[in-house]
Every structure is written in structure tokens, then in C-alpha cells.
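Peer 1: I'm passing along coords.cif; it holds mmCIF, C-alpha atoms.
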```cif
data_structure
#
loop_
_atom_site.group_PDB
_atom_site.id
_atom_site.type_symbol
_atom_site.label_atom_id
_atom_site.label_comp_id
_atom_site.auth_asym_id
_atom_site.auth_seq_id
_atom_site.Cartn_x
_atom_site.Cartn_y
_atom_site.Cartn_z
ATOM 1 C CA MET T 28 141.460 104.032 44.670
ATOM 2 C CA PRO T 29 141.728 106.848 42.083
ATOM 3 C CA ARG T 30 140.535 110.270 43.178
ATOM 4 C CA ASN T 31 139.013 112.889 40.875
ATOM 5 C CA LEU T 32 139.573 116.625 40.862
ATOM 6 C CA ASP T 33 136.485 118.821 40.923
ATOM 7 C CA LEU T 34 136.437 120.754 37.630
ATOM 8 C CA THR T 35 134.075 123.365 39.071
ATOM 9 C CA ALA T 36 136.522 124.036 41.894
ATOM 10 C CA LEU T 37 139.402 124.123 39.404
ATOM 11 C CA ARG T 38 137.527 126.733 37.349
ATOM 12 C CA SER T 39 137.116 128.881 40.460
ATOM 13 C CA PHE T 40 140.823 128.453 41.276
ATOM 14 C CA VAL T 41 141.860 129.587 37.782
ATOM 15 C CA ALA T 42 139.434 132.526 37.939
ATOM 16 C CA VAL T 43 140.913 133.669 41.261
ATOM 17 C CA ALA T 44 144.459 133.387 39.876
ATOM 18 C CA ASP T 45 143.585 135.301 36.699
ATOM 19 C CA ASN T 46 141.441 137.997 38.292
ATOM 20 C CA GLY T 47 143.646 138.639 41.305
ATOM 21 C CA GLY T 48 141.212 137.758 44.063
ATOM 22 C CA VAL T 49 138.003 136.085 45.162
ATOM 23 C CA THR T 50 135.805 139.170 44.711
ATOM 24 C CA ARG T 51 136.575 139.660 41.018
ATOM 25 C CA ALA T 52 136.529 135.919 40.393
ATOM 26 C CA ALA T 53 133.061 135.676 41.933
ATOM 27 C CA GLY T 54 131.812 138.469 39.677
ATOM 28 C CA TYR T 55 133.351 136.842 36.621
ATOM 29 C CA LEU T 56 131.863 133.425 37.453
ATOM 30 C CA ASN T 57 128.508 134.911 38.538
ATOM 31 C CA LEU T 58 128.850 133.254 41.935
ATOM 32 C CA THR T 59 128.906 134.549 45.490
ATOM 33 C CA GLN T 60 132.247 135.150 47.187
ATOM 34 C CA SER T 61 131.403 132.515 49.795
ATOM 35 C CA ALA T 62 130.723 129.928 47.062
ATOM 36 C CA VAL T 63 134.095 130.581 45.434
ATOM 37 C CA SER T 64 135.879 130.503 48.803
ATOM 38 C CA MET T 65 134.184 127.209 49.677
ATOM 39 C CA GLN T 66 135.216 125.638 46.368
ATOM 40 C CA LEU T 67 138.821 126.723 46.938
ATOM 41 C CA LYS T 68 138.753 125.290 50.455
ATOM 42 C CA ARG T 69 137.385 121.935 49.239
ATOM 43 C CA LEU T 70 140.019 121.805 46.504
ATOM 44 C CA GLU T 71 142.815 122.426 49.016
ATOM 45 C CA GLN T 72 141.370 119.831 51.417
ATOM 46 C CA SER T 73 140.991 117.207 48.688
ATOM 47 C CA MET T 74 144.673 117.542 47.774
ATOM 48 C CA ASP T 75 145.919 118.334 51.299
ATOM 49 C CA VAL T 76 147.922 121.325 50.050
ATOM 50 C CA SER T 77 147.709 125.100 50.361
ATOM 51 C CA LEU T 78 147.159 126.696 46.963
ATOM 52 C CA LEU T 79 146.890 130.352 47.980
ATOM 53 C CA ASP T 80 149.148 132.457 50.184
ATOM 54 C CA ARG T 81 146.746 134.592 52.198
ATOM 55 C CA THR T 82 149.312 136.199 54.509
ATOM 56 C CA GLY T 83 149.758 139.393 52.485
ATOM 57 C CA ARG T 84 147.320 142.129 51.476
ATOM 58 C CA GLY T 85 146.492 140.377 48.223
ATOM 59 C CA ILE T 86 146.193 136.761 47.187
ATOM 60 C CA ALA T 87 149.270 135.033 45.773
ATOM 61 C CA LEU T 88 149.796 131.475 44.613
ATOM 62 C CA THR T 89 151.905 129.092 46.639
ATOM 63 C CA SER T 90 154.422 126.889 44.827
ATOM 64 C CA ALA T 91 151.806 124.117 44.797
ATOM 65 C CA GLY T 92 149.259 126.577 43.410
ATOM 66 C CA GLU T 93 151.640 127.587 40.631
ATOM 67 C CA GLN T 94 152.078 123.942 39.681
ATOM 68 C CA LEU T 95 148.359 123.248 39.728
ATOM 69 C CA LEU T 96 147.500 126.311 37.632
ATOM 70 C CA GLY T 97 149.108 124.913 34.474
ATOM 71 C CA TYR T 98 147.390 121.563 34.870
ATOM 72 C CA ALA T 99 144.077 123.236 35.663
ATOM 73 C CA ARG T 100 144.175 125.311 32.488
ATOM 74 C CA LYS T 101 144.829 122.195 30.384
ATOM 75 C CA MET T 102 142.043 120.231 32.088
ATOM 76 C CA LEU T 103 139.483 123.016 31.690
ATOM 77 C CA SER T 104 140.491 123.617 28.098
ATOM 78 C CA LEU T 105 140.066 119.918 27.281
ATOM 79 C CA ASN T 106 136.756 119.811 29.148
ATOM 80 C CA ASP T 107 135.435 122.823 27.242
ATOM 81 C CA GLU T 108 136.657 121.418 23.943
ATOM 82 C CA VAL T 109 134.927 118.061 24.500
ATOM 83 C CA TYR T 110 131.736 119.731 25.624
ATOM 84 C CA GLY T 111 131.790 122.074 22.663
ATOM 85 C CA ARG T 112 132.439 119.279 20.160
ATOM 86 C CA LEU T 113 129.598 117.122 21.408
ATOM 87 C CA THR T 114 126.948 119.793 21.941
ATOM 88 C CA ASN T 115 125.388 122.695 20.033
ATOM 89 C CA LYS T 116 125.701 120.752 16.776
ATOM 90 C CA ASP T 117 122.723 122.602 15.343
ATOM 91 C CA PHE T 118 124.645 125.872 15.315
ATOM 92 C CA GLU T 119 126.980 126.661 12.476
ATOM 93 C CA GLY T 120 127.708 129.648 10.303
ATOM 94 C CA GLU T 121 129.691 132.862 10.588
ATOM 95 C CA ILE T 122 129.689 135.951 12.788
ATOM 96 C CA ILE T 123 131.530 139.069 11.677
ATOM 97 C CA LEU T 124 132.906 141.002 14.653
ATOM 98 C CA GLY T 125 134.544 144.423 14.347
ATOM 99 C CA VAL T 126 136.993 145.567 17.038
ATOM 100 C CA PRO T 127 139.193 148.703 17.172
ATOM 101 C CA HIS T 128 142.801 147.588 17.039
ATOM 102 C CA ASP T 129 143.687 149.296 20.326
ATOM 103 C CA ILE T 130 141.280 147.192 22.440
ATOM 104 C CA VAL T 131 141.900 143.783 20.847
ATOM 105 C CA TYR T 132 144.409 142.965 23.586
ATOM 106 C CA PRO T 133 144.191 141.661 26.196
ATOM 107 C CA PRO T 134 140.506 140.540 26.329
ATOM 108 C CA ILE T 135 139.438 139.566 22.788
ATOM 109 C CA PRO T 136 141.635 136.447 22.253
ATOM 110 C CA SER T 137 140.174 134.917 25.431
ATOM 111 C CA VAL T 138 136.637 135.752 24.260
ATOM 112 C CA LEU T 139 137.243 134.072 20.899
ATOM 113 C CA ARG T 140 138.757 130.994 22.549
ATOM 114 C CA ARG T 141 135.785 130.527 24.873
ATOM 115 C CA PHE T 142 133.270 131.116 22.089
ATOM 116 C CA ASP T 143 135.000 128.536 19.903
ATOM 117 C CA ALA T 144 134.740 125.993 22.729
ATOM 118 C CA GLU T 145 130.962 126.472 22.838
ATOM 119 C CA PHE T 146 130.361 126.817 19.074
ATOM 120 C CA PRO T 147 133.177 124.977 17.297
ATOM 121 C CA ARG T 148 131.297 124.978 13.994
ATOM 122 C CA VAL T 149 130.775 128.739 13.976
ATOM 123 C CA ARG T 150 133.443 130.865 12.332
ATOM 124 C CA VAL T 151 134.130 134.291 13.839
ATOM 125 C CA GLN T 152 135.623 136.661 11.294
ATOM 126 C CA MET T 153 137.213 139.576 13.123
ATOM 127 C CA LEU T 154 137.716 142.951 11.474
ATOM 128 C CA SER T 155 140.161 145.307 13.166
ATOM 129 C CA SER T 156 140.056 148.961 12.209
ATOM 130 C CA TYR T 157 139.227 152.424 13.534
ATOM 131 C CA THR T 158 135.880 153.180 15.159
ATOM 132 C CA THR T 159 134.719 155.439 12.315
ATOM 133 C CA ALA T 160 135.444 152.767 9.713
ATOM 134 C CA LEU T 161 133.779 150.044 11.784
ATOM 135 C CA LYS T 162 130.645 152.133 12.266
ATOM 136 C CA ASP T 163 130.457 152.732 8.524
ATOM 137 C CA GLN T 164 130.749 149.001 7.872
ATOM 138 C CA PHE T 165 128.133 148.263 10.512
ATOM 139 C CA ALA T 166 125.738 150.786 8.946
ATOM 140 C CA ARG T 167 126.184 149.052 5.585
ATOM 141 C CA GLY T 168 125.283 145.696 7.139
ATOM 142 C CA GLU T 169 128.789 144.278 6.789
ATOM 143 C CA CYS T 170 129.193 143.376 10.481
ATOM 144 C CA ASP T 171 127.012 141.443 12.906
ATOM 145 C CA MET T 172 128.567 143.134 15.926
ATOM 146 C CA ILE T 173 131.127 145.870 16.564
ATOM 147 C CA LEU T 174 132.962 147.382 19.491
ATOM 148 C CA THR T 175 133.787 151.089 19.420
ATOM 149 C CA THR T 176 135.710 153.688 21.407
ATOM 150 C CA GLU T 177 133.623 156.872 21.668
ATOM 151 C CA ASP T 178 132.856 159.885 23.833
ATOM 152 C CA ASP T 179 129.154 158.974 23.919
ATOM 153 C CA CYS T 180 127.007 156.084 22.687
ATOM 154 C CA ASP T 181 124.606 156.218 19.735
ATOM 155 C CA ALA T 182 121.052 154.912 19.837
ATOM 156 C CA GLY T 183 120.989 151.134 19.807
ATOM 157 C CA GLY T 184 124.425 150.855 21.385
ATOM 158 C CA GLU T 185 125.427 149.627 24.818
ATOM 159 C CA ILE T 186 128.160 151.111 27.001
ATOM 160 C CA LEU T 187 130.286 148.225 28.273
ATOM 161 C CA THR T 188 132.760 150.248 30.326
ATOM 162 C CA THR T 189 134.343 153.677 30.585
ATOM 163 C CA LEU T 190 138.127 153.874 30.910
ATOM 164 C CA PRO T 191 140.530 156.793 31.276
ATOM 165 C CA LEU T 192 143.139 157.627 28.692
ATOM 166 C CA VAL T 193 146.652 157.463 30.144
ATOM 167 C CA TRP T 194 149.978 158.816 28.950
ATOM 168 C CA VAL T 195 152.262 156.064 27.650
ATOM 169 C CA GLY T 196 156.005 156.204 27.028
ATOM 170 C CA ALA T 197 159.142 154.098 26.910
ATOM 171 C CA LYS T 198 160.085 152.170 30.015
ATOM 172 C CA GLY T 199 162.243 154.558 32.016
ATOM 173 C CA GLY T 200 161.864 157.113 29.241
ATOM 174 C CA VAL T 201 162.441 160.848 29.584
ATOM 175 C CA VAL T 202 161.088 162.289 26.326
ATOM 176 C CA TRP T 203 157.862 163.270 28.119
ATOM 177 C CA LYS T 204 159.851 165.997 29.898
ATOM 178 C CA ARG T 205 160.773 167.752 26.622
ATOM 179 C CA ARG T 206 158.985 170.825 25.301
ATOM 180 C CA PRO T 207 157.434 170.995 22.898
ATOM 181 C CA LEU T 208 156.058 167.597 23.864
ATOM 182 C CA ARG T 209 156.706 165.045 21.122
ATOM 183 C CA LEU T 210 153.579 163.046 20.189
ATOM 184 C CA ALA T 211 153.193 159.834 18.192
ATOM 185 C CA PHE T 212 149.766 158.939 16.771
ATOM 186 C CA GLU T 213 148.087 157.174 13.880
ATOM 187 C CA TYR T 214 146.469 159.580 11.426
ATOM 188 C CA ARG T 215 142.924 158.410 12.210
ATOM 189 C CA CYS T 216 143.343 157.683 15.915
ATOM 190 C CA PHE T 217 140.225 158.659 17.873
ATOM 191 C CA PHE T 218 142.328 159.785 20.857
ATOM 192 C CA ARG T 219 144.557 162.163 18.886
ATOM 193 C CA LYS T 220 142.398 165.316 18.963
ATOM 194 C CA ARG T 221 141.444 164.738 22.596
ATOM 195 C CA VAL T 222 145.102 164.640 23.615
ATOM 196 C CA GLN T 223 145.856 167.773 21.619
ATOM 197 C CA ALA T 224 142.896 169.568 23.239
ATOM 198 C CA ALA T 225 144.064 168.611 26.726
ATOM 199 C CA LEU T 226 147.565 169.900 26.019
ATOM 200 C CA GLY T 227 146.176 173.114 24.571
ATOM 201 C CA ALA T 228 143.990 173.700 27.633
ATOM 202 C CA ALA T 229 147.010 173.124 29.872
ATOM 203 C CA GLY T 230 149.175 175.523 27.844
ATOM 204 C CA ILE T 231 151.731 172.832 27.014
ATOM 205 C CA PRO T 232 153.355 173.185 23.570
ATOM 206 C CA TRP T 233 153.442 170.015 21.452
ATOM 207 C CA GLU T 234 154.489 168.731 18.056
ATOM 208 C CA MET T 235 153.325 165.709 16.072
ATOM 209 C CA ALA T 236 156.718 164.005 15.837
ATOM 210 C CA ILE T 237 155.642 160.562 14.605
ATOM 211 C CA GLU T 238 152.664 159.745 12.375
ATOM 212 C CA SER T 239 151.633 156.516 10.697
ATOM 213 C CA GLU T 240 148.691 154.655 9.200
ATOM 214 C CA GLN T 241 149.412 151.694 11.471
ATOM 215 C CA SER T 242 149.910 151.154 15.192
ATOM 216 C CA ARG T 243 153.145 149.129 15.044
ATOM 217 C CA PRO T 244 155.380 152.048 13.968
ATOM 218 C CA ILE T 245 153.804 154.167 16.696
ATOM 219 C CA GLU T 246 154.501 151.485 19.301
ATOM 220 C CA ALA T 247 158.098 151.123 18.105
ATOM 221 C CA SER T 248 158.709 154.886 18.221
ATOM 222 C CA VAL T 249 157.247 155.239 21.689
ATOM 223 C CA SER T 250 159.185 152.248 23.061
ATOM 224 C CA ALA T 251 162.367 153.872 21.662
ATOM 225 C CA ASP T 252 161.629 157.016 23.725
ATOM 226 C CA LEU T 253 161.181 159.166 20.622
ATOM 227 C CA ALA T 254 157.685 160.383 21.543
ATOM 228 C CA VAL T 255 154.727 159.763 23.852
ATOM 229 C CA HIS T 256 151.322 158.325 23.123
ATOM 230 C CA ALA T 257 147.950 157.930 24.875
ATOM 231 C CA MET T 258 146.055 154.671 25.331
ATOM 232 C CA LEU T 259 143.136 153.364 27.322
ATOM 233 C CA GLU T 260 144.116 152.183 30.778
ATOM 234 C CA GLY T 261 145.027 148.501 30.662
ATOM 235 C CA THR T 262 145.901 148.347 26.956
ATOM 236 C CA GLU T 263 149.545 149.411 27.205
ATOM 237 C CA SER T 264 152.077 147.483 25.150
ATOM 238 C CA PRO T 265 154.514 145.319 27.153
ATOM 239 C CA HIS T 266 157.294 147.415 25.595
ATOM 240 C CA CYS T 267 155.932 150.643 27.101
ATOM 241 C CA GLU T 268 154.618 151.878 30.425
ATOM 242 C CA VAL T 269 152.234 154.434 31.884
ATOM 243 C CA ILE T 270 154.154 157.658 32.472
ATOM 244 C CA ALA T 271 154.419 158.654 36.127
ATOM 245 C CA HIS T 272 154.473 162.369 35.307
ATOM 246 C CA GLY T 273 153.346 163.640 38.711
ATOM 247 C CA GLY T 274 151.087 166.298 37.200
ATOM 248 C CA ALA T 275 153.558 167.552 34.596
ATOM 249 C CA LEU T 276 151.140 166.362 31.906
ATOM 250 C CA PRO T 277 147.390 167.063 31.910
ATOM 251 C CA GLU T 278 144.804 164.500 32.898
ATOM 252 C CA LEU T 279 143.147 162.988 29.857
ATOM 253 C CA PRO T 280 139.429 162.276 29.320
ATOM 254 C CA SER T 281 137.697 158.941 29.783
ATOM 255 C CA ILE T 282 136.377 157.034 26.785
ATOM 256 C CA ASN T 283 133.419 154.672 26.417
ATOM 257 C CA ILE T 284 133.828 151.199 25.000
ATOM 258 C CA ASN T 285 130.503 150.477 23.297
ATOM 259 C CA LEU T 286 128.867 147.403 21.799
ATOM 260 C CA TYR T 287 126.551 147.540 18.770
ATOM 261 C CA ARG T 288 124.617 144.489 17.538
ATOM 262 C CA ALA T 289 122.742 144.056 14.279
ATOM 263 C CA ASP T 290 119.476 142.127 14.091
ATOM 264 C CA THR T 291 120.812 139.393 11.816
ATOM 265 C CA GLY T 292 118.655 136.548 13.093
ATOM 266 C CA LYS T 293 121.637 134.515 14.326
ATOM 267 C CA GLY T 294 120.041 134.124 17.724
ATOM 268 C CA GLU T 295 121.879 132.276 20.451
ATOM 269 C CA MET T 296 125.268 132.477 18.726
ATOM 270 C CA THR T 297 125.381 136.273 18.875
ATOM 271 C CA ASP T 298 123.767 136.288 22.336
ATOM 272 C CA VAL T 299 126.563 134.120 23.710
ATOM 273 C CA LEU T 300 129.313 136.106 21.984
ATOM 274 C CA ALA T 301 127.843 139.382 23.253
ATOM 275 C CA GLU T 302 127.704 138.043 26.812
ATOM 276 C CA LEU T 303 131.314 136.861 26.658
ATOM 277 C CA ILE T 304 132.335 140.324 25.464
ATOM 278 C CA ARG T 305 130.327 141.991 28.253
ATOM 279 C CA ASN T 306 132.048 139.841 30.868
ATOM 280 C CA ALA T 307 135.467 140.631 29.399
ATOM 281 C CA PHE T 308 134.916 144.373 29.720
ATOM 282 C CA SER T 309 132.982 144.415 33.013
ATOM 283 C CA CYS T 310 135.870 144.317 35.493
ATOM 284 C CA GLY T 311 137.370 147.785 35.060
ATOM 285 C CA PRO T 312 140.871 147.909 33.548
ATOM 286 C CA LEU T 313 141.165 145.557 30.607
ATOM 287 C CA GLN T 314 142.543 142.101 31.223
ATOM 288 C CA ALA T 315 142.449 138.655 29.697
ATOM 289 C CA VAL T 316 139.766 136.291 30.942
ATOM 290 C CA ALA T 317 140.157 132.597 31.682
#
```
Once you've parsed the file, please lay out its structure as C-alpha cells.

Peer 2:
Amino acid sequence: MPRNLDLTALRSFVAVADNGGVTRAAGYLNLTQSAVSMQLKRLEQSMDVSLLDRTGRGIALTSAGEQLLGYARKMLSLNDEVYGRLTNKDFEGEIILGVPHDIVYPPIPSVLRRFDAEFPRVRVQMLSSYTTALKDQFARGECDMILTTEDDCDAGGEILTTLPLVWVGAKGGVVWKRRPLRLAFEYRCFFRKRVQAALGAAGIPWEMAIESEQSRPIEASVSADLAVHAMLEGTESPHCEVIAHGGALPELPSININLYRADTGKGEMTDVLAELIRNAFSCGPLQAVA
């Protein structure tokens, strides 16, 4: 007799794998830890396999868990696609979302994927720019919703999370030891003046070695160990790493990630998108969501 996998339990399993533990998965799923643990236990019992290695300090996947994870993602994706195609047919249109380029990854692609599953007939047009430009566009009514990186939060905005700036350099790089310190920044980067102020307060000489209108040349220069950069914790490029400077560089300030929504009368569509964005930024350091 055929047996069926519990999709709810599979969703909890994927959430635990992606969030690194039951506690974060429970928060992401809006469930209790005991509910998530029970679902995992039932899933393991139904298949008569161990999916999680609980012997260490953290939670790791067993070989069976690694195999199941790929299947689980496909099953949940297909489930969400079917559900999205056959429901919410009354909703269609367009939402314009503005996001600073330095916080697009890793969370925003997952947000867009999940929103599309729920509202397949709604087009999300994403604008990626600097916070100042996005706020100007929002003020002119050109965006339904924007994210910003700011020291504070203006009236009508909502602080989603506050993250520290961290020093970023090439993997195994040494240029951070040079003086004057070589910096690489976009011309309009919000973090630029804050980094310069921190270096000035610490009495560390610096020079703006690399400048560009775009982030890609900055990333390439930093990954080549030609200069250092500063980014929000969790947004580092895979080609770079957080510099373990041991106090040789000053601590940098923390920055708010804020959400602003316009009253455009698009109702549930923008409510759902806003909630997906909140969830994506509610777990501390930035990460992709399932």
C-alpha cells in the first residue's frame, strides 16, 4: 500500500536545515519548538530513518537527511506552485519594490520566489539602487514599498533589524595591515562616511584607493586584495571574507534596515509581501529563507 509523506513535516525539516536549528525554524514557521520537534520525529518514524545528527553541539543532517532535503525542496516547491496557481485568482497587477543593492542577497530572491507562489499573476518589479535614490523615488510615488539602510528611521517607516558593519577583505588577504589603509567604496555608498569617521576617530590613516559607480568593480578589487571594504554582517560576497583583525581596525557602527510602505490600495498583495520581507530580516544575520 502506498504511503504518503507529510508535507507539513517536510516543511519543518527544510526550515530546520536552512535555519540551522529547531529554535530558528520554529520562529520562522511561527510554531513552537515542541511542535517542530514532534513533526521531525514523526517524519523520521514514518520513514524509519534518522534525518538529523544530534550528537554534536549543533544540528547536522545525516546522509539520509541530505538525500531527503533535495526531494523535500522539490515537493514543497511543486505544492506551493499548484496552490498558488489555483488560488488567489482575484489578485493581479504589479508591485514596485525598491531594495538597496547591498541587501538584495541572500534574502530577497527567496522572498520573491515565495510571493510568486502565492500570487502568480502579480508582477513584482524590483528597483535596486542606493537608499537616497530609493527614498526620492518613494517620495515621488514611484514605488509601492522600499527597503533602506539608515542610521535612524523616518516617520512612517519600520525598523526590520539592526546589523553591524563589518570589515571585509580578500580571503587570506593582508592589505588590511597596510597604512595608510586602502579603502574601496562606491561613490554614493551610505557606509563610506561612517567608515572614514571610525578610522579618523581611531587615528588610522586611510586612502580611497578604489572608487566606482557600481558594486561589481569594488567586489573584484577587494577579492584581489587591493583594498578593504565594509558591509552589513551576513551580506559578504562569497569571494571575500570578514577580516579577523583582532582589534587592529576600529569597530564599525550598526545600521538599521527599514521598510517603508505607500498607501497604494493594493491591500493583501502588499501585506503578504511585507510580511515575507519581515520574516526574512527577523532572524539576525541575513540569510536566505526556504

Peer 1: Under the PyMOL selection byres ((chain T and resi 270) around 7), which residues of this model are included? Write them out as a list in words.

Peer 2: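 Those residues are Trp194, Val195, Gly196, Glu268, Val269, Ala271 and His272 of chain T.
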
Peer 1: Could you check the closest approach to Tyr132 (chain T) for each of T:Ser155, T:Lys204, T:Gly168, T:Leu161 and tell me which residue wins, using all atoms listed in the file?

Peer 2: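 Once distances to Tyr132 (chain T) are computed over all atoms listed in the file, the minimum belongs to T:Ser155.
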
Peer 1: Taking (128.6, 142.5, 16.8) in the coordinates of the supplied file, I want to know which residues reach to within 6 Å of it, counting all atoms listed in the file; could you give the answer as an mmCIF file with C-alpha atoms, in the frame of the given file?

Peer 2:
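Writing the result to part_33.cif gives the following:
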```cif
data_model
loop_
_atom_site.group_PDB
_atom_site.id
_atom_site.type_symbol
_atom_site.label_atom_id
_atom_site.label_comp_id
_atom_site.auth_asym_id
_atom_site.auth_seq_id
_atom_site.Cartn_x
_atom_site.Cartn_y
_atom_site.Cartn_z
ATOM 1 C CA LEU T 124 132.906 141.002 14.653
ATOM 2 C CA ASP T 171 127.012 141.443 12.906
ATOM 3 C CA MET T 172 128.567 143.134 15.926
ATOM 4 C CA ILE T 173 131.127 145.870 16.564
ATOM 5 C CA TYR T 287 126.551 147.540 18.770
ATOM 6 C CA ARG T 288 124.617 144.489 17.538
#
```

Peer 1: What does the distance from CA of Val41 (chain T) to CA of Leu113 (chain T) come to in Å, to one decimal?

Peer 2: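 These atoms are spaced 24.0 Å apart.
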
Peer 1: For region 91-108 of chain T, list every protein, DNA or RNA residue within 7 Å, evaluated using all atoms listed in the file, and leave out those in the same chain fewer than 5 positions away; present the list as a list in words.

Peer 2: Leu37, Val41, Ser77, Leu78, Leu79 and Ala144 of chain T

Peer 1: Care to translate the PyMOL selection byres ((chain T and resi 157) around 12) into actual residues of this file, as a PyMOL selection string?

Peer 2: chain T and resi 125-131+154-156+158-164+173-177+213-218+240-242

Peer 1: Calculated over all atoms listed in the file, which of the candidates T:Met296, T:Ala289, T:Ala307, T:Val151 has the smallest distance to Tyr55 (chain T)?

Peer 2: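 Selected residue with least distance to Tyr55 (chain T): T:Ala307.
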